[in-house]
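The file data-v4.txt comes next; it holds compact mmCIF, C-alpha atoms.
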# COMPACT_ATOMS: atom_id res chain seq x y z
CA MET A 1450 135.60 88.06 28.51
CA GLU A 1451 137.21 91.39 27.69
CA LYS A 1452 140.58 92.82 28.54
CA VAL A 1453 140.80 95.52 31.18
CA ASN A 1454 143.06 98.56 30.83
CA LEU A 1455 144.18 99.81 34.24
CA THR A 1456 144.74 103.42 33.13
CA GLU A 1457 141.28 103.59 31.58
CA LYS A 1458 139.66 102.20 34.71
CA LEU A 1459 141.59 104.62 36.94
CA SER A 1460 140.27 107.52 34.86
CA LEU A 1461 136.69 106.60 35.79
CA PHE A 1462 136.81 107.71 39.42
CA SER A 1463 138.54 110.17 41.70
CA GLU A 1464 137.07 109.15 45.06
CA LEU A 1465 139.73 108.29 47.65
CA TRP A 1466 139.83 105.20 49.89
CA SER A 1467 136.94 103.54 48.04
CA PRO A 1468 138.03 100.36 46.25
CA LYS A 1469 136.41 99.70 42.86
CA ALA A 1470 136.13 96.15 41.55
CA VAL A 1471 137.53 95.57 38.05
CA GLY A 1472 137.80 91.79 37.94
CA ALA A 1473 136.81 88.52 39.60
CA VAL A 1474 139.08 85.48 39.65
CA ASN A 1475 137.11 82.67 41.27
CA ASP A 1476 136.27 84.07 44.72
CA PHE A 1477 138.92 86.77 44.59
CA HIS A 1478 138.44 90.34 43.47
CA VAL A 1479 140.83 92.64 41.66
CA LYS A 1480 140.17 96.20 42.79
CA LEU A 1481 141.61 99.62 42.08
CA VAL A 1482 141.85 102.26 44.77
CA LYS A 1483 143.19 105.81 45.05
CA LEU A 1484 144.74 106.82 48.36
CA ARG A 1485 145.83 110.13 49.85
CA GLY A 1486 146.31 110.79 53.54
CA GLU A 1487 146.07 108.27 56.36
CA PHE A 1488 143.67 105.38 56.70
CA VAL A 1489 142.53 103.68 59.91
CA TRP A 1490 144.43 100.95 61.67
CA HIS A 1491 142.73 97.64 61.00
CA SER A 1492 143.24 93.97 60.24
CA HIS A 1493 141.29 91.30 58.37
CA GLU A 1494 140.33 88.18 60.29
CA VAL A 1495 140.63 85.75 57.38
CA GLU A 1496 141.68 87.64 54.27
CA ASP A 1497 145.22 88.25 53.12
CA GLU A 1498 145.49 91.42 51.06
CA LEU A 1499 147.86 92.25 48.21
CA PHE A 1500 148.71 95.88 47.44
CA LEU A 1501 150.43 96.40 44.07
CA VAL A 1502 151.45 100.02 43.65
CA LEU A 1503 150.76 101.46 40.18
CA ALA A 1504 151.62 105.13 40.85
CA GLY A 1505 152.97 107.10 43.79
CA THR A 1506 154.60 105.77 46.93
CA LEU A 1507 152.63 103.83 49.53
CA ARG A 1508 153.71 103.77 53.16
CA MET A 1509 152.37 100.58 54.71
CA GLN A 1510 152.52 101.05 58.44
CA LEU A 1511 152.70 97.97 60.63
CA ARG A 1512 152.77 98.08 64.41
CA ASP A 1513 156.53 97.55 64.53
CA ARG A 1514 157.76 99.05 61.25
CA GLU A 1515 156.83 100.66 57.98
CA LEU A 1516 157.29 99.42 54.41
CA THR A 1517 157.74 101.91 51.56
CA VAL A 1518 156.19 100.47 48.40
CA ALA A 1519 156.95 102.07 45.03
CA PRO A 1520 155.40 101.52 41.58
CA GLY A 1521 156.08 97.99 40.36
CA GLU A 1522 156.27 96.68 43.91
CA PHE A 1523 153.73 94.84 46.00
CA VAL A 1524 153.26 93.84 49.60
CA ILE A 1525 150.97 91.11 50.93
CA VAL A 1526 149.52 91.82 54.37
CA PRO A 1527 148.62 88.49 55.99
CA HIS A 1528 145.26 88.10 57.73
CA GLY A 1529 145.36 89.07 61.39
CA THR A 1530 148.11 91.66 60.83
CA GLU A 1531 147.30 95.22 61.87
CA HIS A 1532 148.18 97.70 59.17
CA ARG A 1533 147.53 101.27 58.15
CA PRO A 1534 148.12 102.51 54.60
CA VAL A 1535 149.42 106.09 54.40
CA ALA A 1536 149.89 108.14 51.22
CA ASP A 1537 151.67 111.49 51.50
CA ALA A 1538 150.69 112.22 47.88
CA GLU A 1539 148.10 110.40 45.80
CA VAL A 1540 148.82 106.73 45.30
CA HIS A 1541 147.11 104.31 42.89
CA VAL A 1542 146.95 100.70 44.01
CA LEU A 1543 145.75 97.42 42.56
CA LEU A 1544 144.30 95.27 45.33
CA LEU A 1545 143.93 91.54 45.16
CA GLU A 1546 141.94 89.90 47.91
CA PRO A 1547 139.07 87.52 48.67
CA ASN A 1548 135.73 89.03 47.63
CA SER A 1549 134.63 88.94 51.28
CA THR A 1550 137.16 91.64 52.20
CA VAL A 1551 135.82 94.86 53.74
CA ASN A 1552 138.15 97.84 53.39
CA THR A 1553 138.18 98.69 57.11
CA GLY A 1554 138.38 95.05 58.27
CA ASN A 1555 137.80 94.61 61.99
CA ALA A 1556 137.79 98.37 62.63
CA GLY A 1557 134.56 99.19 60.76
CA GLY A 1558 133.34 102.75 61.17
CA GLU A 1559 132.67 105.70 58.92
CA ARG A 1560 135.39 104.93 56.41
CA THR A 1561 133.83 101.60 55.46
CA ARG A 1562 132.85 101.50 51.78
CA GLU A 1563 130.75 99.18 49.66
CA VAL A 1564 132.70 97.92 46.68
CA GLU A 1565 131.28 99.21 43.42
CA TRP A 1566 132.06 97.64 40.04
CA ILE A 1567 133.43 99.97 37.39
CA MET B 83 156.34 90.27 55.34
CA GLU B 84 158.56 91.98 52.78
CA LYS B 85 157.74 93.95 49.70
CA VAL B 86 158.36 92.35 46.31
CA ASN B 87 159.83 94.26 43.37
CA LEU B 88 158.58 92.82 40.07
CA THR B 89 161.61 93.96 38.03
CA GLU B 90 164.00 92.39 40.52
CA LYS B 91 162.10 89.11 40.48
CA LEU B 92 161.96 89.08 36.67
CA SER B 93 165.75 89.45 36.57
CA LEU B 94 166.16 86.15 38.44
CA PHE B 95 165.12 83.83 35.63
CA SER B 96 165.08 83.59 31.85
CA GLU B 97 163.27 80.28 31.38
CA LEU B 98 160.18 80.56 29.17
CA TRP B 99 156.71 79.18 29.92
CA SER B 100 157.63 78.25 33.49
CA PRO B 101 155.66 80.27 36.06
CA LYS B 102 157.56 81.28 39.20
CA ALA B 103 155.68 81.99 42.42
CA VAL B 104 156.40 85.34 44.07
CA GLY B 105 153.49 85.65 46.49
CA ALA B 106 150.64 83.83 48.23
CA VAL B 107 147.34 85.52 49.07
CA ASN B 108 145.29 83.00 51.00
CA ASP B 109 144.98 80.07 48.57
CA PHE B 110 145.93 82.13 45.53
CA HIS B 111 149.36 82.48 44.04
CA VAL B 112 150.95 85.44 42.34
CA LYS B 113 153.34 84.18 39.68
CA LEU B 114 155.64 85.70 37.09
CA VAL B 115 156.17 84.10 33.72
CA LYS B 116 158.10 84.90 30.56
CA LEU B 117 156.54 83.86 27.27
CA ARG B 118 157.80 83.67 23.68
CA GLY B 119 156.24 81.59 20.95
CA GLU B 120 153.05 79.55 21.17
CA PHE B 121 151.76 77.55 24.08
CA VAL B 122 149.37 74.58 23.97
CA TRP B 123 145.61 74.86 23.84
CA HIS B 124 144.22 74.05 27.28
CA SER B 125 141.61 74.96 29.87
CA HIS B 126 141.41 74.74 33.65
CA GLU B 127 138.51 72.80 35.12
CA VAL B 128 138.01 74.95 38.21
CA GLU B 129 140.54 77.76 38.17
CA ASP B 130 140.03 81.19 36.65
CA GLU B 131 143.32 82.73 35.55
CA LEU B 132 144.33 86.39 35.42
CA PHE B 133 147.07 87.52 33.03
CA LEU B 134 148.39 91.03 33.72
CA VAL B 135 150.88 92.05 31.05
CA LEU B 136 154.00 93.82 32.38
CA ALA B 137 156.03 94.00 29.15
CA GLY B 138 155.45 93.07 25.53
CA THR B 139 152.19 92.20 23.83
CA LEU B 140 150.29 89.03 24.63
CA ARG B 141 147.97 87.43 22.11
CA MET B 142 145.38 85.43 24.03
CA GLN B 143 143.80 83.08 21.55
CA LEU B 144 140.32 81.79 22.27
CA ARG B 145 138.49 79.33 20.05
CA ASP B 146 136.39 82.08 18.48
CA ARG B 147 138.60 85.16 18.68
CA GLU B 148 141.86 86.62 19.92
CA LEU B 149 142.52 89.32 22.50
CA THR B 150 145.61 91.52 22.24
CA VAL B 151 146.79 92.45 25.72
CA ALA B 152 149.34 95.24 26.17
CA PRO B 153 151.33 96.38 29.24
CA GLY B 154 148.99 97.71 31.92
CA GLU B 155 146.15 95.51 30.71
CA PHE B 156 144.84 92.22 32.01
CA VAL B 157 142.49 89.50 30.90
CA ILE B 158 140.78 86.93 33.10
CA VAL B 159 140.22 83.56 31.44
CA PRO B 160 137.30 81.83 33.17
CA HIS B 161 137.60 78.18 34.14
CA GLY B 162 136.45 75.85 31.40
CA THR B 163 137.48 78.24 28.63
CA GLU B 164 139.96 76.93 26.10
CA HIS B 165 142.81 79.35 25.53
CA ARG B 166 146.28 79.52 24.06
CA PRO B 167 148.74 82.30 24.93
CA VAL B 168 150.94 83.39 22.03
CA ALA B 169 153.86 85.83 22.21
CA ASP B 170 155.47 86.96 18.95
CA ALA B 171 158.24 88.62 20.98
CA GLU B 172 159.04 88.06 24.65
CA VAL B 173 156.22 88.95 27.00
CA HIS B 174 156.36 89.27 30.79
CA VAL B 175 153.17 88.43 32.64
CA LEU B 176 151.96 88.51 36.22
CA LEU B 177 149.58 85.60 36.83
CA LEU B 178 147.04 85.46 39.57
CA GLU B 179 145.29 82.15 40.10
CA PRO B 180 144.38 79.52 42.68
CA ASN B 181 147.47 77.71 43.94
CA SER B 182 146.08 74.46 42.51
CA THR B 183 146.53 75.74 38.94
CA VAL B 184 148.76 73.70 36.61
CA ASN B 185 150.16 75.66 33.68
CA THR B 186 148.93 73.21 31.03
CA GLY B 187 145.53 72.61 32.68
CA ASN B 188 143.60 69.71 31.17
CA ALA B 189 146.10 69.28 28.34
CA GLY B 190 149.04 68.10 30.44
CA GLY B 191 152.04 66.85 28.49
CA GLU B 192 155.66 67.82 28.12
CA ARG B 193 155.15 71.55 28.68
CA THR B 194 153.81 71.02 32.19
CA ARG B 195 156.01 72.72 34.80
CA GLU B 196 156.25 72.56 38.56
CA VAL B 197 155.93 76.00 40.10
CA GLU B 198 159.14 77.09 41.78
CA TRP B 199 159.30 79.93 44.32
CA ILE B 200 161.78 82.66 43.59

For the structure just supplied, provide its representation as structure tokens.
Amino acid sequence: MEKVNLTEKLSLFSELWSPKAVGAVNDFHVKLVKLRGEFVWHSHEVEDELFLVLAGTLRMQLRDRELTVAPGEFVIVPHGTEHRPVADAEVHVLLLEPNSTVNTGNAGGERTREVEWI
Amino acid sequence: MEKVNLTEKLSLFSELWSPKAVGAVNDFHVKLVKLRGEFVWHSHEVEDELFLVLAGTLRMQLRDRELTVAPGEFVIVPHGTEHRPVADAEVHVLLLEPNSTVNTGNAGGERTREVEWI
């Protein structure tokens, strides 16, 4: 058991839209991800997904509205809810979700990424 | 679904050692807690427990060593591991743990608290 420093971990990668695992809490994973631009619309059949913004401003698009999430704020997207994260400038996010979660959810496709531990 | 601002939520209570729930991610809870002083030695039979420090410096005592956890750092205490959080000055922590977690774990006793939603 060692402590994890978020800034140190964020310095280890620059790849966008590719969540990196930094912790496991029972069957949940803590991940860090860097975002810039628009992602794909998708939902997760069973997994809720928490986005805690560490830096930058995240626009979480839902089908009927958009939430603006600033550093020190989080949003939990319930399973089954279509969402699309958008980042006009680079955003750093801590994700908390079941370890079964795939980044593109039900959409799949070329933006799907394997989760790597850092 | 609404975003949650951690600073706003922290302003809603001053009670020490009494975790407040601010989010549910499947069967996990996100909680905020304010610590000052020493807690009781305890472990959790099945639940791992993540402590992300938001303000102050947390001393996480283990039976064989102590981890010093600063803002922007987290530690995950695995289930079955005896631990005692100590805060020389007030510390604000975001907890992430299964919703079955009781703050005093196997120790029980007078410092056990029901989790209230804020």

Near range 1451-1464 of chain A, counting only C-alpha atoms, which residues have an atom at most 6 Å away, once you skip same-chain residues fewer than 5 positions from it, shown as a compact mmCIF listing (two decimals) with C-alpha atoms, keeping the file's coordinate frame?
# COMPACT_ATOMS: atom_id res chain seq x y z
CA GLY B 154 148.99 97.71 31.92
CA GLU B 155 146.15 95.51 30.71
CA PHE B 156 144.84 92.22 32.01
CA VAL B 157 142.49 89.50 30.90

*In Å to one decimal, how far is CA of Val151 in chain B from CA of Pro167 in chain B?*
10.4 Å

Write out the coordinates of chain B as a PDB file with C-alpha atoms, keeping the file's coordinate frame after a least-squares overlay onto chain A built on all ordered Cα pairs.
ATOM      1  CA  MET B  83     135.616  88.046  28.510  1.00  0.00           C
ATOM      2  CA  GLU B  84     137.212  91.394  27.702  1.00  0.00           C
ATOM      3  CA  LYS B  85     140.583  92.804  28.532  1.00  0.00           C
ATOM      4  CA  VAL B  86     140.805  95.523  31.177  1.00  0.00           C
ATOM      5  CA  ASN B  87     143.067  98.558  30.825  1.00  0.00           C
ATOM      6  CA  LEU B  88     144.176  99.814  34.248  1.00  0.00           C
ATOM      7  CA  THR B  89     144.734 103.428  33.121  1.00  0.00           C
ATOM      8  CA  GLU B  90     141.276 103.582  31.573  1.00  0.00           C
ATOM      9  CA  LYS B  91     139.661 102.205  34.714  1.00  0.00           C
ATOM     10  CA  LEU B  92     141.601 104.622  36.935  1.00  0.00           C
ATOM     11  CA  SER B  93     140.283 107.527  34.854  1.00  0.00           C
ATOM     12  CA  LEU B  94     136.697 106.618  35.785  1.00  0.00           C
ATOM     13  CA  PHE B  95     136.811 107.713  39.412  1.00  0.00           C
ATOM     14  CA  SER B  96     138.535 110.186  41.705  1.00  0.00           C
ATOM     15  CA  GLU B  97     137.073 109.161  45.061  1.00  0.00           C
ATOM     16  CA  LEU B  98     139.727 108.305  47.656  1.00  0.00           C
ATOM     17  CA  TRP B  99     139.825 105.216  49.882  1.00  0.00           C
ATOM     18  CA  SER B 100     136.946 103.549  48.041  1.00  0.00           C
ATOM     19  CA  PRO B 101     138.034 100.359  46.251  1.00  0.00           C
ATOM     20  CA  LYS B 102     136.399  99.699  42.877  1.00  0.00           C
ATOM     21  CA  ALA B 103     136.141  96.154  41.545  1.00  0.00           C
ATOM     22  CA  VAL B 104     137.517  95.581  38.046  1.00  0.00           C
ATOM     23  CA  GLY B 105     137.805  91.795  37.941  1.00  0.00           C
ATOM     24  CA  ALA B 106     136.809  88.519  39.595  1.00  0.00           C
ATOM     25  CA  VAL B 107     139.090  85.478  39.655  1.00  0.00           C
ATOM     26  CA  ASN B 108     137.127  82.680  41.266  1.00  0.00           C
ATOM     27  CA  ASP B 109     136.277  84.075  44.719  1.00  0.00           C
ATOM     28  CA  PHE B 110     138.927  86.786  44.582  1.00  0.00           C
ATOM     29  CA  HIS B 111     138.444  90.341  43.471  1.00  0.00           C
ATOM     30  CA  VAL B 112     140.822  92.639  41.670  1.00  0.00           C
ATOM     31  CA  LYS B 113     140.167  96.199  42.798  1.00  0.00           C
ATOM     32  CA  LEU B 114     141.600  99.628  42.093  1.00  0.00           C
ATOM     33  CA  VAL B 115     141.852 102.265  44.772  1.00  0.00           C
ATOM     34  CA  LYS B 116     143.191 105.798  45.047  1.00  0.00           C
ATOM     35  CA  LEU B 117     144.731 106.813  48.354  1.00  0.00           C
ATOM     36  CA  ARG B 118     145.833 110.134  49.859  1.00  0.00           C
ATOM     37  CA  GLY B 119     146.313 110.785  53.541  1.00  0.00           C
ATOM     38  CA  GLU B 120     146.058 108.260  56.361  1.00  0.00           C
ATOM     39  CA  PHE B 121     143.666 105.380  56.700  1.00  0.00           C
ATOM     40  CA  VAL B 122     142.531 103.680  59.920  1.00  0.00           C
ATOM     41  CA  TRP B 123     144.438 100.946  61.686  1.00  0.00           C
ATOM     42  CA  HIS B 124     142.718  97.632  60.991  1.00  0.00           C
ATOM     43  CA  SER B 125     143.241  93.956  60.244  1.00  0.00           C
ATOM     44  CA  HIS B 126     141.276  91.306  58.375  1.00  0.00           C
ATOM     45  CA  GLU B 127     140.347  88.171  60.284  1.00  0.00           C
ATOM     46  CA  VAL B 128     140.634  85.738  57.383  1.00  0.00           C
ATOM     47  CA  GLU B 129     141.663  87.643  54.283  1.00  0.00           C
ATOM     48  CA  ASP B 130     145.215  88.245  53.119  1.00  0.00           C
ATOM     49  CA  GLU B 131     145.491  91.430  51.072  1.00  0.00           C
ATOM     50  CA  LEU B 132     147.862  92.249  48.220  1.00  0.00           C
ATOM     51  CA  PHE B 133     148.712  95.878  47.441  1.00  0.00           C
ATOM     52  CA  LEU B 134     150.427  96.389  44.074  1.00  0.00           C
ATOM     53  CA  VAL B 135     151.444 100.016  43.649  1.00  0.00           C
ATOM     54  CA  LEU B 136     150.753 101.463  40.176  1.00  0.00           C
ATOM     55  CA  ALA B 137     151.618 105.122  40.850  1.00  0.00           C
ATOM     56  CA  GLY B 138     152.979 107.088  43.780  1.00  0.00           C
ATOM     57  CA  THR B 139     154.591 105.775  46.935  1.00  0.00           C
ATOM     58  CA  LEU B 140     152.639 103.841  49.533  1.00  0.00           C
ATOM     59  CA  ARG B 141     153.704 103.780  53.160  1.00  0.00           C
ATOM     60  CA  MET B 142     152.370 100.580  54.703  1.00  0.00           C
ATOM     61  CA  GLN B 143     152.532 101.052  58.434  1.00  0.00           C
ATOM     62  CA  LEU B 144     152.716  97.975  60.622  1.00  0.00           C
ATOM     63  CA  ARG B 145     152.773  98.088  64.406  1.00  0.00           C
ATOM     64  CA  ASP B 146     156.531  97.535  64.514  1.00  0.00           C
ATOM     65  CA  ARG B 147     157.782  99.040  61.261  1.00  0.00           C
ATOM     66  CA  GLU B 148     156.842 100.654  57.973  1.00  0.00           C
ATOM     67  CA  LEU B 149     157.293  99.424  54.414  1.00  0.00           C
ATOM     68  CA  THR B 150     157.731 101.898  51.561  1.00  0.00           C
ATOM     69  CA  VAL B 151     156.179 100.474  48.409  1.00  0.00           C
ATOM     70  CA  ALA B 152     156.940 102.070  45.038  1.00  0.00           C
ATOM     71  CA  PRO B 153     155.399 101.523  41.573  1.00  0.00           C
ATOM     72  CA  GLY B 154     156.075  97.987  40.363  1.00  0.00           C
ATOM     73  CA  GLU B 155     156.262  96.673  43.913  1.00  0.00           C
ATOM     74  CA  PHE B 156     153.714  94.851  46.016  1.00  0.00           C
ATOM     75  CA  VAL B 157     153.249  93.841  49.610  1.00  0.00           C
ATOM     76  CA  ILE B 158     150.966  91.120  50.934  1.00  0.00           C
ATOM     77  CA  VAL B 159     149.510  91.820  54.371  1.00  0.00           C
ATOM     78  CA  PRO B 160     148.617  88.497  56.006  1.00  0.00           C
ATOM     79  CA  HIS B 161     145.265  88.103  57.728  1.00  0.00           C
ATOM     80  CA  GLY B 162     145.385  89.069  61.376  1.00  0.00           C
ATOM     81  CA  THR B 163     148.112  91.659  60.831  1.00  0.00           C
ATOM     82  CA  GLU B 164     147.316  95.201  61.874  1.00  0.00           C
ATOM     83  CA  HIS B 165     148.178  97.700  59.169  1.00  0.00           C
ATOM     84  CA  ARG B 166     147.532 101.273  58.145  1.00  0.00           C
ATOM     85  CA  PRO B 167     148.115 102.524  54.591  1.00  0.00           C
ATOM     86  CA  VAL B 168     149.425 106.085  54.394  1.00  0.00           C
ATOM     87  CA  ALA B 169     149.897 108.139  51.221  1.00  0.00           C
ATOM     88  CA  ASP B 170     151.672 111.497  51.493  1.00  0.00           C
ATOM     89  CA  ALA B 171     150.702 112.219  47.876  1.00  0.00           C
ATOM     90  CA  GLU B 172     148.103 110.394  45.793  1.00  0.00           C
ATOM     91  CA  VAL B 173     148.822 106.719  45.298  1.00  0.00           C
ATOM     92  CA  HIS B 174     147.109 104.314  42.896  1.00  0.00           C
ATOM     93  CA  VAL B 175     146.941 100.703  44.010  1.00  0.00           C
ATOM     94  CA  LEU B 176     145.740  97.427  42.559  1.00  0.00           C
ATOM     95  CA  LEU B 177     144.286  95.257  45.331  1.00  0.00           C
ATOM     96  CA  LEU B 178     143.917  91.541  45.160  1.00  0.00           C
ATOM     97  CA  GLU B 179     141.930  89.899  47.927  1.00  0.00           C
ATOM     98  CA  PRO B 180     139.065  87.526  48.677  1.00  0.00           C
ATOM     99  CA  ASN B 181     135.737  89.021  47.626  1.00  0.00           C
ATOM    100  CA  SER B 182     134.617  88.946  51.270  1.00  0.00           C
ATOM    101  CA  THR B 183     137.163  91.637  52.196  1.00  0.00           C
ATOM    102  CA  VAL B 184     135.828  94.864  53.735  1.00  0.00           C
ATOM    103  CA  ASN B 185     138.152  97.840  53.379  1.00  0.00           C
ATOM    104  CA  THR B 186     138.171  98.687  57.096  1.00  0.00           C
ATOM    105  CA  GLY B 187     138.374  95.050  58.268  1.00  0.00           C
ATOM    106  CA  ASN B 188     137.791  94.621  61.995  1.00  0.00           C
ATOM    107  CA  ALA B 189     137.795  98.371  62.614  1.00  0.00           C
ATOM    108  CA  GLY B 190     134.586  99.193  60.751  1.00  0.00           C
ATOM    109  CA  GLY B 191     133.319 102.740  61.171  1.00  0.00           C
ATOM    110  CA  GLU B 192     132.659 105.693  58.928  1.00  0.00           C
ATOM    111  CA  ARG B 193     135.399 104.916  56.402  1.00  0.00           C
ATOM    112  CA  THR B 194     133.831 101.592  55.458  1.00  0.00           C
ATOM    113  CA  ARG B 195     132.848 101.503  51.775  1.00  0.00           C
ATOM    114  CA  GLU B 196     130.748  99.196  49.657  1.00  0.00           C
ATOM    115  CA  VAL B 197     132.698  97.915  46.680  1.00  0.00           C
ATOM    116  CA  GLU B 198     131.283  99.203  43.416  1.00  0.00           C
ATOM    117  CA  TRP B 199     132.076  97.624  40.036  1.00  0.00           C
ATOM    118  CA  ILE B 200     133.411  99.949  37.400  1.00  0.00           C
TER     119      ILE B 200
END

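Closest to chain B among A:Ser1492, A:Arg1562, A:Phe1477, A:Gly1486 is A:Phe1477, based on only C-alpha atoms.
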
*Just how far from CA of His1528 in chain A is CA of Glu1494 in chain A, in Å to one decimal?*
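Taking CA of Glu1494 in chain A and CA of His1528 in chain A, their separation equals 5.6 Å.
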
*Distance of CA of Ile158 in chain B from CA of Leu132 in chain B, expressed in Å to one decimal place*: 4.3 Å

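Using all atoms listed in the file, the protein and nucleic acid residues lying no more than 9 Å from Trp1466 in chain A, apart from those fewer than 6 places from it along its own chain, are Val1482, Lys1483, Leu1484, Arg1485, Phe1488, Asn1552, Arg1560, Thr1561 and Arg1562 of chain A.
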
Axis-aligned box for range 145-163 of chain B, 8 Å per side, centre and edges in Å as lines of an AutoDock Vina configuration file:
center_x = 143.9
center_y = 86.8
center_z = 26.3
size_x = 30.9
size_y = 37.9
size_z = 31.7
